[in-house]
Amino acid sequence: MKIIIIDYGMGNIHSLNSALIESGCTNVKLSSDYKLIQTADKIILPGVGNFSKAMDLIKIRNLEESLYDFVVVKQKPILGICLGMQILGLSSTEDGKRDGLRFINGVVERFNSNGVKIPHVGYNQVQTNPQTVLLKSLPELSDFYFTHSYKMLSDEDINQSICHYSEDFIACYEKDNIAGTQFHPELSQKNGLTLLKNFIEKF
């Protein structure tokens, strides 16, 4: 099993690399090279920071075509993490409306503060969807580590698992060969390692 972490300059790649190895994947590489990406069995798109900047970097590195060929044409598995999960959606309102990769029918909007601190940082409970492969064998309520100011919403059934922070938002989704987590599994201790192991072995 070869997993490639997409390295475009905005991911927590070293912690993720270590967590994947701890979860049982010994063949992990970091790359933005088209040819190498196409040789992977599965890929992970991490991300921390600004949506528009991330999309700019993806375009600069000509990653749109690489990701489209891998995910849409070849229909191989991808896992988006945090900002990476958001980028897989239709658009974001961060810095004005900006299109994402449009692999998932979901839009990204800023949290309504409603008396809570923004960004949402720290552990929070996720209501796990029993239909999801990534959360298989985890409790119905499982803690994961979040750090974000924007959340994803969708009017389509994408096997969402929900978290609540002043309002409900999508914490995790799976649609065919595409999966995403708003939280950081690589920073979520045992639950995060279980999720990564499920991605490696079962997704």
# chains A, B, ... in the order shown; residues from 1 in each chain; ligands from 1
$ residues_around --residues "stretch 79-93 of chain A" --least-positions-apart "3" --cutoff "6 Å" --atoms "only C-alpha atoms" --output "list in words"
Ile44, Leu45, Pro46, Gly47, Val48, Gly96, Lys97, Arg98, Asp99, Gly100, Leu101, Arg102, Phe103, Ile104, Asn105, Gly106, Val107, Val108, Glu109, Ala179, Gly180, Thr181, Gln182 and Phe183 of chain A
$ write_last_selection --atoms "N, CA and C atoms" --output "CSV table (one decimal), in the first residue's frame"
chain,number,residue,atom,x,y,z
A,44,ILE,N,-3.7,11.6,0.4
A,44,ILE,CA,-4.2,12.5,1.5
A,44,ILE,C,-3.9,13.9,1.2
A,45,LEU,N,-4.9,14.8,1.3
A,45,LEU,CA,-4.8,16.2,1.0
A,45,LEU,C,-5.0,16.9,2.4
A,46,PRO,N,-3.9,17.3,3.0
A,46,PRO,CA,-4.0,18.0,4.3
A,46,PRO,C,-4.2,19.5,4.0
A,47,GLY,N,-4.2,20.3,5.1
A,47,GLY,CA,-4.3,21.7,4.9
A,47,GLY,C,-4.5,22.4,6.2
A,48,VAL,N,-3.8,23.5,6.4
A,48,VAL,CA,-4.0,24.5,7.5
A,48,VAL,C,-3.9,25.9,6.9
A,96,GLY,N,-14.0,36.4,0.3
A,96,GLY,CA,-14.9,36.4,-0.9
A,96,GLY,C,-15.1,35.0,-1.4
A,97,LYS,N,-16.1,34.8,-2.2
A,97,LYS,CA,-16.4,33.5,-2.7
A,97,LYS,C,-15.3,33.0,-3.6
A,98,ARG,N,-14.8,31.7,-3.3
A,98,ARG,CA,-13.7,31.1,-4.1
A,98,ARG,C,-14.1,29.7,-4.4
A,99,ASP,N,-14.0,29.2,-5.6
A,99,ASP,CA,-14.3,27.8,-6.0
A,99,ASP,C,-13.2,26.9,-5.4
A,100,GLY,N,-13.7,25.7,-5.0
A,100,GLY,CA,-12.8,24.6,-4.6
A,100,GLY,C,-12.6,23.7,-5.7
A,101,LEU,N,-12.2,22.5,-5.4
A,101,LEU,CA,-12.0,21.4,-6.4
A,101,LEU,C,-13.3,20.8,-7.0
A,102,ARG,N,-14.4,21.0,-6.2
A,102,ARG,CA,-15.7,20.7,-6.7
A,102,ARG,C,-15.9,19.1,-6.8
A,103,PHE,N,-15.2,18.4,-6.0
A,103,PHE,CA,-15.4,16.9,-5.9
A,103,PHE,C,-16.6,16.5,-5.1
A,104,ILE,N,-16.9,17.4,-4.1
A,104,ILE,CA,-18.0,17.1,-3.1
A,104,ILE,C,-19.0,18.2,-3.1
A,105,ASN,N,-20.3,17.9,-3.0
A,105,ASN,CA,-21.3,18.9,-3.0
A,105,ASN,C,-21.4,19.5,-1.5
A,106,GLY,N,-20.5,20.4,-1.2
A,106,GLY,CA,-20.5,21.0,0.1
A,106,GLY,C,-20.0,22.4,-0.1
A,107,VAL,N,-20.5,23.4,0.7
A,107,VAL,CA,-20.1,24.8,0.7
A,107,VAL,C,-19.5,25.1,2.1
A,108,VAL,N,-18.5,26.0,2.1
A,108,VAL,CA,-17.8,26.3,3.3
A,108,VAL,C,-18.1,27.8,3.7
A,109,GLU,N,-18.5,28.0,4.9
A,109,GLU,CA,-18.9,29.3,5.4
A,109,GLU,C,-18.3,29.5,6.8
A,179,ALA,N,-13.3,11.1,0.9
A,179,ALA,CA,-13.6,11.3,2.3
A,179,ALA,C,-12.9,12.5,2.8
A,180,GLY,N,-13.5,13.1,3.9
A,180,GLY,CA,-12.9,14.3,4.5
A,180,GLY,C,-13.2,14.4,5.9
A,181,THR,N,-12.2,14.9,6.7
A,181,THR,CA,-12.4,15.2,8.1
A,181,THR,C,-12.1,16.7,8.4
A,182,GLN,N,-13.0,17.4,9.1
A,182,GLN,CA,-12.7,18.7,9.5
A,182,GLN,C,-11.7,18.7,10.6
A,183,PHE,N,-11.7,17.7,11.4
A,183,PHE,CA,-10.8,17.6,12.5
A,183,PHE,C,-9.4,17.0,12.0
$ residues_around --residues "A:Ile13" --least-positions-apart "3" --cutoff "10 Å" --atoms "only C-alpha atoms" --output "PyMOL selection string"
chain A and resi 5-10+16-19+30+44-47+186
$ select_by_dssp --residues "chain A" --states "alpha helix (DSSP H)" --output "MDAnalysis selection string"
chainID A and resid 13:22 34:38 51:60 63:68 83:87 189:202
$ select_by_dssp --residues "stretch 23-167 of chain A" --states "strand (DSSP E)" --output "VMD selection string"
chain A and resid 28 to 31 42 to 45 78 to 81 91 to 92 98 to 99 107 to 110 120 to 127 141 to 148 150 to 153 161 to 164
$ residues_around --residues "A:Leu20" --least-positions-apart "6" --cutoff "9 Å" --atoms "only C-alpha atoms" --output "VMD selection string"
chain A and resid 3 26 28 186 193 196 to 197 200
